[in-house]
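Colleague: Below: one structure in structure tokens.
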Amino acid sequence: MKKLFEKIEYIDLFLWLIRAAIIIIVIWGTVATILDNPYSTRQWTDFVIFGVAQGSMYALIAIGYTLVYGVLFMINFAHGEFFMSGIMTSTVFIAGPMAATGFLNRHPIISLLIIALFSMLVSVGVAILTERIAYKPLRKAPRLVPLITAIGASLFWQNFYRGMLGSNVKPFPQFDILAGSIPLLGTQVLKTHIAVVLVTIIMLIGLNFFIMRTKTGKSIRAVSEDKDVAALMGIDVDRAITITFATGAAMAGIAGVLFALVFRQVHFFMGFTPGIKAFTAAVLGGIGSVPGAAIGGLFLGLFESIGPSLFLQSLGIPAFNQLKDVIAFIMLVLVLIFRPQGILGEPLAEKKA
Amino acid sequence: MTENNIILASKTVSKNFGGLVAVSEFDFEVPEHSIVSIIGPNGAGKTTFFNCVTGFYAIDQGDILFYGESITSKSPDQIAQLHIARTYQNIRLFSNMTAIENILLGMEPDLHSHWYGAILNTPGTRAEEEHAVEEARRLLKYMGLVGSGDLLARNLPYGDQRRLEIARALANQPRILLLDEPTAGMNPQESTETMRLIQRIRDDLGITILLIEHDMRVVMGISERVTVLDYGAKIAEGTTEEIQRNPQVIEAYLGRGAATGLETTSADS
Amino acid sequence: MPMLELNDVHAYYGNIHALKGISITVEEGEIVTLIGANGAGKTTTLRTITGLLKPRTGSVILDGEDLAPYPAHKIVYKGVAMVPEGRGIFSKLTVRENLDMGAFSRSDVDGIKQDLERAYELFPRLKERESQISGTLSGGEQQMLATARALMARPRLMLMDEPSMGLAPVLVESVFDIIQEINKEGTTILLVEQNAHMALQIAQRGYVLQTGEIVLSDSADGLRKDPMVQKAYLGME
Amino acid sequence: MITKQSIQLRTPLRFGIIAGVVSVCASAIGLVVLFSERELIAGVITMGQILIFAPTAALAYIAARDHAEGQRGIALLYGSLTGVISGIPSALLILLASAVNLRQFMPNVSPALIEILSFGLPPVAGSLAFLAAMTAVGLIAASFSLLPSNIKRPIFNGLLWTFTIGLFSENISSRVRFFFGSEFNKLIFTGKALDPFVAALIFFLAAGLTVWQGRRQTTHTEPEGVSTSRKSRLRWMTYAGVVVTLLILPLLLGSYLSEVLNNVGLFILMGLGLNIVVGFAGLLDLGYVAFYAIGAYSMAVMTSQGPLGFGLSFWAALPFCVLMAAFAGLMLGIPVLRMRGDYLAIVTLAFGEIIRILVLSDLLKPVLGGAQGILKIPKPEIFGLVLKQPEQFYFVILAGVLIAWFVSWRLSKARLGRQWLAMQEDEDVAEAMGIRLVTTKLLAFSFGAAFSGLAGALLASKLTSIFPHSFKLEISINVLVLIIIGGLGSLPGVVIGALILVGLPELLREFAEYRLLMYGLLMIVMMLAKPEGFWPSQIMKRELHIDEESEMLSAEAGD
């Protein structure tokens, strides 16, 4: 303990001040909100449910960041675009025409499956293409280089889709079976929200099975620990990396469908914010850890949905919901500063000398 | 040698990495102006100890003293300011900078010019820089690296890189120099040269030397005292002769086979 | 025809000339050892054999076939397994999963099962810890795991990089016993060791590496009696 | 047909598919139609056509040159095959578009596009014509590859110059009209494009010059040692030339081009700042726009004559703006001191977004005006002269750029520059040398932020009104890309990067919507092909061409 005090520099002091300020704001805001009591229990429940649904989507997208980071130690900046590309393509080419012909609501389950499958396929295709062209040749380059190509790939896909499919917001058709809500937990829960949570749970279980039990999954984990030794086992490292990208992209493709079901519209820029949020979720849970991504996603979703009302509203901040994203970003910054290993991550290795 | 001060002392220093004990309760002293070696098998915690001394690792327990004063809580740059310098087991030069630039960086503790001086190009800044470059060239000459000053560090031959790293450490004007396997990867002839060089550094410049080394010829050739680490703990300490005879050392490090060999040689002598 | 043949192999890391013309041969059924100081190029030699590093000139020939066109993961399929330096186990995977990875190159389910049983027979400790995360094993157990894992590939040639490194002396002996046993069952072994004394006790032949070159090659007995080896590697003055 | 063993149909197939996909994508995302407006040579060729044919031409050329093993017949075969195959996707597009209304899915597959692709012919004939045209392009490119290089080079240079001048003919034409009158202009330009006759003239001129130059180089070689006095005189003359050019540039360029130049200048200024952070100190900052915003809003709040401003003068506010930004750099720098690499990138990106959202929010609306921004920001004044025109404002920006350049240059040569480079290369060892990482990093952040703040302040005054949407993430990426394109750590590189990435798109105005697409591509291509940039600093050139040296030692020795 004594040593701890000796080591404090003014930098640490500054960081402690930030911590204290945040804690004070959060406590003050929370207490004031509780005293004000502006919402009923039912409203709070609604916030929580929305948060869980939103968090589920973050979790699915976050898987892609976490898997790729685990294997390549690289932040795949273009992952948000993998998410966008799948659902954009299937909205325009599949869901739109299906809705126009009435097929969609005559065979909702089949339609949904086709849309989901197509969305996954496109996301995976875009991911593999990006990995092969923009990342693979740079495996041995300094870390800045693949990061820059990833940003480049992100810009490229965004604007490629913008040019290809137009810059307007496209409506995603309504599924009649998912319209409306059902009573649950003392409130009305939207059916889409229930669908989102269920699908996410199924996907996460499937993913867990794939990673933990299958030979390919194990080979991915082996590659993420040591590429050379993995190659010595006969594992094709490049193939394993491609599969890793594809797996993450498949999850993102599904997340895209869920996103479209909830918000009922898609456009070329839709990958950016969820992308960053999902990355935040991945970091929050402990990047590299799959359960971490799930927990981080859930946590962020809840935080975003409850946070502004809980912390900011009673501080007298006008239009506090505008600051929803600020809360998410501040959370990202704080996590990276104070607990870079995240909730479930192992403590980062100490500096190597 | 008895009247020598203790320049560096380690008091029950321990360092763990997530349950793995790298250094445990290590007690150790380095007298001023001596050459002291730490030997031990790979993974015995020698480099970890260096990292603790130079402030890269925060130690979990114990204290490290420099001239009797604790340096345990100091950061690497503060330790460099105290004129403690080191080299690395895997050469860590600034490989994309020239040899001269590398040495100039070694001089950091003695440079004081500021950024505003640099922008205004004040006479003081200019003089300091010129003086430093001159000093760097002198060091290159001392290390036998004349003519390599403007080459990129990574383009130097392996042996020269090792020597440049020592030159960079010397630029710090160290009171104690920590050398981590300075002869790794050298052939016997180069090793011998390096061994002489280390001795010369001590004799000419009066710099205390703490050495990690695998090459027993070098260790036994120049050390005044040797400490043996195994599994992070000290298992023996003494003069070179004592170490060579110590049965525990033979068992853990020099090898059982060596025992028979050593017995015969000691019988010979 | 020797099983493994390196002909005048030159290898580089960037512009550092790490191997300066290494030529070695290993006959079927032998234990051959490479000894040398830190940084002499022993590990690099093994890396060129396994394809992790491609020689710039010279060739690596296995059973008469040049390995140059094969990437590392394909060479495993040719019957070469390696126990990497510092064990190189997958520490976040369980013991069993590590062994599964060792058999990655195979698809004969029954054979794998047999070999798994044999591995557990050879290393009963591993069976006890089958579902433990392997990072929590002790150093000796990790070495056992790495060896067992390499055996799971049912290799004809096994490359071992410093199996005794960092092990307690008692364990070192048992590791070398196991190496001999593996060899008796028909696996050819190329052993890299710093503990020259132990290595020369179990090997039939050996090569001495110094700064990327072979300076000496002889039978193990011959090397043990060589004054240079005695002085530099056996610690005899 | 295929009798010789050396014919490998995979190459033309692969190249053909790539070229075909690229050109059909260029069509489908709307670039072709857009660029068809821009004629290079009146009535002969448009930029849109170049876009369709260029990938095929390039790949057919490579297929013929690198894969035919010197056999002429095969080379021509490869070229034409590449051409035919590359034509298939677009030909299919023409047919498909005639059958289905593709436009409902892909708004850019318009009748205008189909018209261009099918040369105005009916669908079937049009698609065949397109195939034929692509085949011809492939064949021509392949035959071109067979020419000896002393013929190839002049032709290539001739085409390059003709097309380049054609591309910018609109701007050149306006200058010609200004200086030589519209009569003369009509001789050279037809409408906004080069007159075919003039184009041919330019082609032969450029080709001739290349030939002449080639001859001269073979006959005379420059004397080895140019005397030092002559060298230094030459150097001073170059300097003087640069200074004079910089001073009279706005007069030569006129109002519109000066405005373009001013925008380039602001980006150079920001580039110089980010170059310190990323290029020198190796800290990847993606939230750099935050400081630009801080500089701009400081200027706005202090000088605006509207309800939100204090009404100070430009010159009084300027130093304060720079200090504000530098201070913000310091404040944002402290929390991220212990972060490395990509984590730093993400956190700074988050900072940038936080600042933008805050500026936009109702929370700060009373101070910063929210989405309505701040208006009525005055222009600077010198001795009673208000610098209203772009030609006048140019000098303010020029001064800013020169100061930033000078500071960057001095620092890079000094101890601090050395510390930055050391830190970039190996933070641990740098610290072990006695470098205080905290100070060194914070200085980098502060200098970077100061330059960016200066740029922001100038921007506010230049535009006289500012809005939050001018400070999007795009700007940060823009600046990052421009210093990467120019070459990280290189001062001339910043200028080159800004000219290419900011200047060029301003001249090709229709490009605006596709700017980011091109940036994305450029970033990828650049990292794959030339990661050190167009004008690399010595350091980066060295660094990016190391192979796996560092791996070696870790493989060989370990404790």
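The way I read the labels, and the way they are meant: chains A, B, ... in the order of the structure tokens, residue 1 as the first residue of every chain, and ligand 1 as the first ligand shown, with later ones counted on from there.
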Give me the residues of chain C that have any atom at most 12 Å from an atom of chain A; for each, the nearest atom pair and the distance in Å, rounded to one decimal. Use only C-alpha atoms, sort by chain and number, and format it as a Markdown table.
Modeller:
| residue | atom | partner | partner_atom | distance |
| --- | --- | --- | --- | --- |
| C:Gly14 | CA | A:Lys140 | CA | 12.0 |
| C:Leu46 | CA | A:Leu232 | CA | 11.2 |
| C:Arg47 | CA | A:Asp228 | CA | 9.6 |
| C:Thr48 | CA | A:Leu232 | CA | 11.9 |
| C:Ile49 | CA | A:Leu232 | CA | 10.8 |
| C:Thr50 | CA | A:Leu232 | CA | 7.1 |
| C:Gly51 | CA | A:Leu232 | CA | 8.8 |
| C:Leu52 | CA | A:Asp228 | CA | 6.9 |
| C:Leu53 | CA | A:Asp228 | CA | 10.1 |
| C:Tyr70 | CA | A:Gly234 | CA | 11.5 |
| C:Pro71 | CA | A:Ala231 | CA | 8.7 |
| C:Ala72 | CA | A:Ala231 | CA | 5.8 |
| C:His73 | CA | A:Gly234 | CA | 4.0 |
| C:Lys74 | CA | A:Gly234 | CA | 6.2 |
| C:Ile75 | CA | A:Gly234 | CA | 7.5 |
| C:Val76 | CA | A:Gly234 | CA | 5.2 |
| C:Tyr77 | CA | A:Gly234 | CA | 6.8 |
| C:Lys78 | CA | A:Gly234 | CA | 9.9 |
| C:Gly79 | CA | A:Gly234 | CA | 10.3 |
| C:Val80 | CA | A:Leu232 | CA | 8.6 |
| C:Ala81 | CA | A:Leu232 | CA | 6.8 |
| C:Met82 | CA | A:Leu232 | CA | 6.6 |
| C:Val83 | CA | A:Leu232 | CA | 8.9 |
| C:Pro84 | CA | A:Val229 | CA | 7.3 |
| C:Glu85 | CA | A:Val229 | CA | 10.0 |
| C:Gly86 | CA | A:Val229 | CA | 11.1 |
| C:Arg87 | CA | A:Val229 | CA | 9.6 |
| C:Gly88 | CA | A:Val229 | CA | 6.5 |
| C:Ile89 | CA | A:Val229 | CA | 7.9 |
| C:Phe90 | CA | A:Ala222 | CA | 6.2 |
| C:Ser91 | CA | A:Glu225 | CA | 7.7 |
| C:Lys92 | CA | A:Glu225 | CA | 7.7 |
| C:Leu93 | CA | A:Ala222 | CA | 7.6 |
| C:Thr94 | CA | A:Lys218 | CA | 10.4 |
| C:Arg96 | CA | A:Lys218 | CA | 11.2 |
| C:Glu97 | CA | A:Lys218 | CA | 7.4 |
| C:Asn98 | CA | A:Ala222 | CA | 8.4 |
| C:Leu99 | CA | A:Met233 | CA | 10.0 |
| C:Asp100 | CA | A:Lys215 | CA | 8.3 |
| C:Met101 | CA | A:Met233 | CA | 6.3 |
| C:Gly102 | CA | A:Met233 | CA | 5.5 |
| C:Ala103 | CA | A:Met233 | CA | 7.3 |
| C:Phe104 | CA | A:Met233 | CA | 6.2 |
| C:Ser105 | CA | A:Gly234 | CA | 5.3 |
| C:Arg106 | CA | A:Gly234 | CA | 9.1 |
| C:Ser107 | CA | A:Lys215 | CA | 10.9 |
| C:Gly135 | CA | A:Glu225 | CA | 11.5 |
| C:Ala146 | CA | A:Val229 | CA | 10.5 |
| C:Arg149 | CA | A:Met233 | CA | 8.8 |
| C:Ala150 | CA | A:Met233 | CA | 7.9 |
| C:Leu151 | CA | A:Met233 | CA | 10.7 |
| C:Met152 | CA | A:Met233 | CA | 9.5 |
| C:Ala153 | CA | A:Met233 | CA | 7.7 |
| C:Arg154 | CA | A:Met233 | CA | 11.3 |
| C:Pro155 | CA | A:Met233 | CA | 10.9 |
| C:Met158 | CA | A:Leu232 | CA | 11.3 |
| C:Leu159 | CA | A:Leu232 | CA | 10.7 |
Colleague: Write out as a ChimeraX atom specification each polymer residue whose atoms come within 9 Å of Gly221 of chain B, counting only C-alpha atoms; drop sequence neighbours fewer than 3 positions from it.
Modeller: /B:195,216-218,224,240
Colleague: Please produce an output containing all heavy atoms for each residue in the selection, written as an mmCIF file, in the first residue's frame.
Modeller:
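Output contents, as saved in again-v2.cif:
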data_model
loop_
_atom_site.group_PDB
_atom_site.id
_atom_site.type_symbol
_atom_site.label_atom_id
_atom_site.label_comp_id
_atom_site.auth_asym_id
_atom_site.auth_seq_id
_atom_site.Cartn_x
_atom_site.Cartn_y
_atom_site.Cartn_z
ATOM 1 N N MET B 195 34.555 -10.021 -23.934
ATOM 2 C CA MET B 195 34.977 -10.208 -22.550
ATOM 3 C C MET B 195 36.053 -9.184 -22.185
ATOM 4 O O MET B 195 35.981 -8.525 -21.156
ATOM 5 C CB MET B 195 35.523 -11.629 -22.441
ATOM 6 C CG MET B 195 35.914 -12.074 -21.101
ATOM 7 S SD MET B 195 36.157 -13.866 -21.207
ATOM 8 C CE MET B 195 37.856 -13.948 -20.736
ATOM 9 N N MET B 216 30.117 -19.901 -19.962
ATOM 10 C CA MET B 216 30.855 -20.061 -18.706
ATOM 11 C C MET B 216 32.289 -19.562 -18.817
ATOM 12 O O MET B 216 32.890 -19.133 -17.843
ATOM 13 C CB MET B 216 30.864 -21.538 -18.281
ATOM 14 C CG MET B 216 29.553 -21.976 -17.700
ATOM 15 S SD MET B 216 29.026 -20.889 -16.364
ATOM 16 C CE MET B 216 27.489 -20.302 -16.978
ATOM 17 N N ARG B 217 32.829 -19.613 -20.040
ATOM 18 C CA ARG B 217 34.199 -19.110 -20.199
ATOM 19 C C ARG B 217 34.247 -17.634 -19.833
ATOM 20 O O ARG B 217 35.152 -17.176 -19.144
ATOM 21 C CB ARG B 217 34.645 -19.277 -21.651
ATOM 22 C CG ARG B 217 35.566 -20.449 -21.871
ATOM 23 C CD ARG B 217 35.894 -20.632 -23.342
ATOM 24 N NE ARG B 217 34.992 -19.931 -24.248
ATOM 25 C CZ ARG B 217 35.339 -18.856 -24.945
ATOM 26 N NH1 ARG B 217 36.569 -18.366 -24.846
ATOM 27 N NH2 ARG B 217 34.481 -18.276 -25.743
ATOM 28 N N VAL B 218 33.226 -16.901 -20.343
ATOM 29 C CA VAL B 218 33.195 -15.469 -20.066
ATOM 30 C C VAL B 218 32.952 -15.234 -18.577
ATOM 31 O O VAL B 218 33.673 -14.468 -17.930
ATOM 32 C CB VAL B 218 32.085 -14.782 -20.900
ATOM 33 C CG1 VAL B 218 31.977 -13.324 -20.542
ATOM 34 C CG2 VAL B 218 32.355 -14.965 -22.378
ATOM 35 N N GLU B 224 34.133 -11.302 -10.634
ATOM 36 C CA GLU B 224 34.716 -11.386 -9.301
ATOM 37 C C GLU B 224 33.830 -12.219 -8.394
ATOM 38 O O GLU B 224 34.307 -12.945 -7.540
ATOM 39 C CB GLU B 224 34.897 -9.992 -8.713
ATOM 40 C CG GLU B 224 36.245 -9.403 -9.094
ATOM 41 C CD GLU B 224 36.118 -8.066 -9.797
ATOM 42 O OE1 GLU B 224 35.180 -7.310 -9.481
ATOM 43 O OE2 GLU B 224 36.958 -7.769 -10.666
ATOM 44 N N THR B 240 34.249 -17.419 -8.375
ATOM 45 C CA THR B 240 34.094 -18.370 -9.473
ATOM 46 C C THR B 240 34.491 -19.780 -9.041
ATOM 47 O O THR B 240 33.828 -20.744 -9.404
ATOM 48 C CB THR B 240 34.951 -17.938 -10.674
ATOM 49 O OG1 THR B 240 36.274 -17.699 -10.225
ATOM 50 C CG2 THR B 240 34.399 -16.694 -11.296
#
Colleague: If DSSP is run on the backbone, what residues of segment 28-230 of chain C are strand (DSSP E)? A reply as a ChimeraX atom specification would be ideal.
Modeller: /C:31-36,57-62,65-66,80-83,157-161,188-193,205-210,213-219
Colleague: Would you pick out the contacts of segment 46-48 of chain A at 6 Å or less, using only C-alpha atoms, so that residues sharing its chain but fewer than 2 positions from it are not included, and give the list as a list of chain:residue names?
Modeller: A:Gln43, A:Trp44, A:Phe50, A:Gly51, A:Ser305, A:Ile306
Colleague: Define the interface residues of chain C facing chain D as those within 12 Å, counting only C-alpha atoms, and report them as number ranges by chain.
Modeller: C: 11-19, 36-47, 52-53, 84-86, 88, 161-162, 165-166, 194, 211-212
Colleague: Keeping only N, CA, C and O atoms, take the residues you just selected and write them out as a short mmCIF file (atom, residue, chain, number, x, y, z; two decimals), in the first residue's frame.
Modeller:
data_model
loop_
_atom_site.label_atom_id
_atom_site.label_comp_id
_atom_site.auth_asym_id
_atom_site.auth_seq_id
_atom_site.Cartn_x
_atom_site.Cartn_y
_atom_site.Cartn_z
N ALA C 11 19.67 -19.82 -44.22
CA ALA C 11 18.40 -19.19 -43.89
C ALA C 11 18.66 -17.83 -43.28
O ALA C 11 19.69 -17.59 -42.65
N TYR C 12 17.71 -16.94 -43.50
CA TYR C 12 17.86 -15.55 -43.05
C TYR C 12 16.63 -15.13 -42.27
O TYR C 12 15.52 -15.55 -42.56
N TYR C 13 16.86 -14.27 -41.28
CA TYR C 13 15.76 -13.50 -40.72
C TYR C 13 16.01 -12.08 -41.17
O TYR C 13 16.96 -11.46 -40.72
N GLY C 14 15.18 -11.58 -42.06
CA GLY C 14 15.47 -10.26 -42.62
C GLY C 14 16.82 -10.33 -43.28
O GLY C 14 17.06 -11.15 -44.15
N ASN C 15 17.74 -9.47 -42.87
CA ASN C 15 19.06 -9.57 -43.47
C ASN C 15 20.09 -10.18 -42.52
O ASN C 15 21.29 -10.04 -42.72
N ILE C 16 19.60 -10.83 -41.49
CA ILE C 16 20.54 -11.53 -40.61
C ILE C 16 20.69 -12.96 -41.09
O ILE C 16 19.72 -13.70 -41.25
N HIS C 17 21.91 -13.32 -41.35
CA HIS C 17 22.22 -14.63 -41.90
C HIS C 17 22.25 -15.63 -40.75
O HIS C 17 23.23 -15.73 -40.04
N ALA C 18 21.16 -16.37 -40.56
CA ALA C 18 21.05 -17.20 -39.37
C ALA C 18 21.67 -18.58 -39.56
O ALA C 18 22.28 -19.12 -38.64
N LEU C 19 21.46 -19.18 -40.70
CA LEU C 19 22.09 -20.47 -40.98
C LEU C 19 23.02 -20.30 -42.17
O LEU C 19 22.62 -19.84 -43.23
N GLY C 36 24.64 -26.89 -29.12
CA GLY C 36 25.22 -25.59 -29.43
C GLY C 36 24.72 -24.56 -28.43
O GLY C 36 23.76 -24.80 -27.71
N ALA C 37 25.38 -23.41 -28.44
CA ALA C 37 25.04 -22.37 -27.48
C ALA C 37 23.73 -21.69 -27.87
O ALA C 37 23.21 -21.92 -28.96
N ASN C 38 23.24 -20.84 -27.00
CA ASN C 38 22.12 -19.98 -27.31
C ASN C 38 22.41 -19.20 -28.58
O ASN C 38 23.47 -18.63 -28.72
N GLY C 39 21.47 -19.17 -29.48
CA GLY C 39 21.66 -18.35 -30.67
C GLY C 39 22.56 -18.97 -31.72
O GLY C 39 22.93 -18.31 -32.68
N ALA C 40 22.90 -20.25 -31.55
CA ALA C 40 23.79 -20.87 -32.54
C ALA C 40 23.04 -21.26 -33.80
O ALA C 40 23.65 -21.52 -34.83
N GLY C 41 21.71 -21.32 -33.74
CA GLY C 41 20.92 -21.66 -34.92
C GLY C 41 20.23 -23.00 -34.81
O GLY C 41 19.72 -23.52 -35.81
N LYS C 42 20.17 -23.55 -33.62
CA LYS C 42 19.54 -24.87 -33.46
C LYS C 42 18.05 -24.79 -33.76
O LYS C 42 17.52 -25.54 -34.57
N THR C 43 17.39 -23.84 -33.08
CA THR C 43 15.95 -23.69 -33.30
C THR C 43 15.67 -23.34 -34.75
O THR C 43 14.72 -23.84 -35.35
N THR C 44 16.51 -22.46 -35.30
CA THR C 44 16.32 -22.07 -36.69
C THR C 44 16.39 -23.29 -37.61
O THR C 44 15.62 -23.40 -38.56
N THR C 45 17.31 -24.19 -37.32
CA THR C 45 17.41 -25.40 -38.13
C THR C 45 16.10 -26.17 -38.09
O THR C 45 15.57 -26.58 -39.12
N LEU C 46 15.56 -26.33 -36.89
CA LEU C 46 14.29 -27.05 -36.78
C LEU C 46 13.18 -26.31 -37.52
O LEU C 46 12.33 -26.92 -38.15
N ARG C 47 13.22 -24.98 -37.44
CA ARG C 47 12.17 -24.21 -38.13
C ARG C 47 12.25 -24.39 -39.65
O ARG C 47 11.23 -24.39 -40.33
N LEU C 52 8.44 -23.64 -41.11
CA LEU C 52 8.07 -22.34 -40.54
C LEU C 52 8.96 -21.25 -41.10
O LEU C 52 8.59 -20.08 -41.16
N LEU C 53 10.17 -21.65 -41.50
CA LEU C 53 11.08 -20.69 -42.12
C LEU C 53 11.58 -21.38 -43.38
O LEU C 53 11.98 -22.55 -43.32
N PRO C 84 7.84 -28.05 -29.72
CA PRO C 84 8.53 -26.77 -29.81
C PRO C 84 9.23 -26.36 -28.52
O PRO C 84 8.93 -26.89 -27.44
N GLU C 85 10.14 -25.43 -28.68
CA GLU C 85 10.87 -24.90 -27.54
C GLU C 85 9.90 -24.24 -26.58
O GLU C 85 8.92 -23.63 -26.97
N GLY C 86 10.18 -24.35 -25.30
CA GLY C 86 9.29 -23.74 -24.31
C GLY C 86 7.93 -24.37 -24.37
O GLY C 86 6.92 -23.73 -24.09
N GLY C 88 5.35 -24.72 -25.91
CA GLY C 88 4.40 -24.26 -26.92
C GLY C 88 3.07 -24.97 -26.85
O GLY C 88 2.45 -25.23 -27.88
N ASP C 161 12.69 -29.67 -29.42
CA ASP C 161 13.49 -28.47 -29.18
C ASP C 161 13.62 -28.24 -27.68
O ASP C 161 12.65 -27.85 -27.02
N GLU C 162 14.77 -28.50 -27.16
CA GLU C 162 15.07 -28.27 -25.75
C GLU C 162 14.03 -28.86 -24.81
O GLU C 162 13.44 -28.12 -24.00
N MET C 165 14.49 -27.95 -21.09
CA MET C 165 14.65 -26.56 -20.66
C MET C 165 13.74 -26.22 -19.49
O MET C 165 12.54 -26.48 -19.51
N GLY C 166 14.33 -25.67 -18.48
CA GLY C 166 13.55 -25.19 -17.36
C GLY C 166 12.96 -26.28 -16.50
O GLY C 166 12.11 -26.01 -15.66
N GLN C 194 20.47 -27.98 -25.08
CA GLN C 194 21.58 -27.24 -24.49
C GLN C 194 22.28 -28.13 -23.48
O GLN C 194 23.48 -28.00 -23.24
N THR C 211 27.24 -20.41 -34.25
CA THR C 211 26.87 -19.25 -35.08
C THR C 211 26.45 -19.66 -36.48
O THR C 211 26.99 -19.18 -37.47
N GLY C 212 25.49 -20.55 -36.55
CA GLY C 212 24.88 -20.89 -37.83
C GLY C 212 25.68 -21.84 -38.69
O GLY C 212 25.34 -22.03 -39.86
#
Colleague: Could you work out which residues of chain B fall inside 9 Å of chain D? Count only C-alpha atoms, and format the result as an NGL selection string.
Modeller: :B and (41-48 or 54-56 or 75-81 or 85-86 or 89-97 or 101-102 or 104-109 or 111 or 113-116 or 118-121 or 125 or 129 or 152 or 168-169 or 172 or 184-185)
Colleague: Find the residues around segment 175-181 of chain C up to 7 Å (only C-alpha atoms counted), leave out those fewer than 4 positions away in its own chain, and share them as a ChimeraX atom specification.
Modeller: /C:171,185,202
Colleague: Would you save the residues of that selection, restricted to N, CA and C atoms, as a PDB file, in the first residue's frame?
Modeller:
ATOM      1  N   LEU C 171      13.188 -34.371 -13.312  1.00  0.00           N
ATOM      2  CA  LEU C 171      12.278 -34.494 -14.445  1.00  0.00           C
ATOM      3  C   LEU C 171      13.043 -34.674 -15.739  1.00  0.00           C
ATOM      4  N   GLU C 185      10.106 -47.431 -30.045  1.00  0.00           N
ATOM      5  CA  GLU C 185       8.877 -47.829 -30.720  1.00  0.00           C
ATOM      6  C   GLU C 185       8.887 -47.465 -32.189  1.00  0.00           C
ATOM      7  N   ILE C 202      21.883 -40.249 -24.869  1.00  0.00           N
ATOM      8  CA  ILE C 202      20.859 -41.070 -25.504  1.00  0.00           C
ATOM      9  C   ILE C 202      20.975 -41.080 -27.023  1.00  0.00           C
TER      10      ILE C 202
END
Colleague: Could you check which of C:Leu6, C:Leu216, C:Leu116, C:Ala199 is closest to chain B, using only C-alpha atoms?
Modeller: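 Closest to chain B, using only C-alpha atoms: C:Ala199.
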Colleague: Mind listing as a list in words which residues of chain B are within 8 Å of chain A, counting only C-alpha atoms?
Modeller: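 So the contacting residues turn out to be Asn51, Phe56, Tyr57, Ser73 and Lys74 of chain B.
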Colleague: What are the residues of chain A lining chain D at 8 Å or less? Count only C-alpha atoms, and put the answer as a ChimeraX atom specification.
Modeller: /A:11,14-15,74-75,92-93,134,137-138,140-166,317-320,322-323,325-326,329-330,332-333,336-337,351,353
Colleague: Could you give me, as a PyMOL selection string, the residues within 9 Å of Asp221 of chain C, counting only C-alpha atoms and dropping anything in the same chain fewer than 4 positions from it?
Modeller: chain C and resi 200-201+204-205+225-226
Colleague: How many Å lie between atom CA of Val30 of chain B and atom CA of Asn5 of chain B, rounded to one decimal?
Modeller: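 Going from atom CA of Val30 of chain B over to atom CA of Asn5 of chain B, I get 8.6 Å.
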Colleague: So, counting only C-alpha atoms, which residue among B:His112, B:His214, B:Arg137, B:His33 is closest to chain C?
Modeller: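 Once distances to chain C are computed over only C-alpha atoms, the minimum belongs to B:His214.
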Colleague: From a backbone DSSP assignment, name each residue in segment 155-199 of chain B labelled alpha helix (DSSP H), as a list in words.
Modeller: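 Of segment 155-199 of chain B, only Tyr158, Gly159, Asp160, Gln161, Arg162, Arg163, Leu164, Glu165, Ile166, Ala167, Arg168, Ala169, Leu170, Ala171, Pro188, Gln189, Glu190, Ser191, Thr192, Glu193, Thr194, Met195, Arg196, Leu197, Ile198 and Gln199 of chain B fall in alpha helix (DSSP H).
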Colleague: May I have the residues within 9 Å of Leu178 of chain B as a list in words, using only C-alpha atoms and disregarding those fewer than 3 positions away in the same chain?
Modeller: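 Listing them by chain and then by number gives Phe50, Ile84, Ala85, Arg86, Thr87, Tyr88, Ala169, Thr208, Ile209, Leu210, Leu211 and Ile212 of chain B.
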Colleague: Could you name the residues that touch Gly271 of chain A at 7 Å or less, counting only C-alpha atoms, but leaving out those on the same chain fewer than 2 positions away, as a ChimeraX atom specification?
Modeller: /A:80-81,83-84,269,273-275
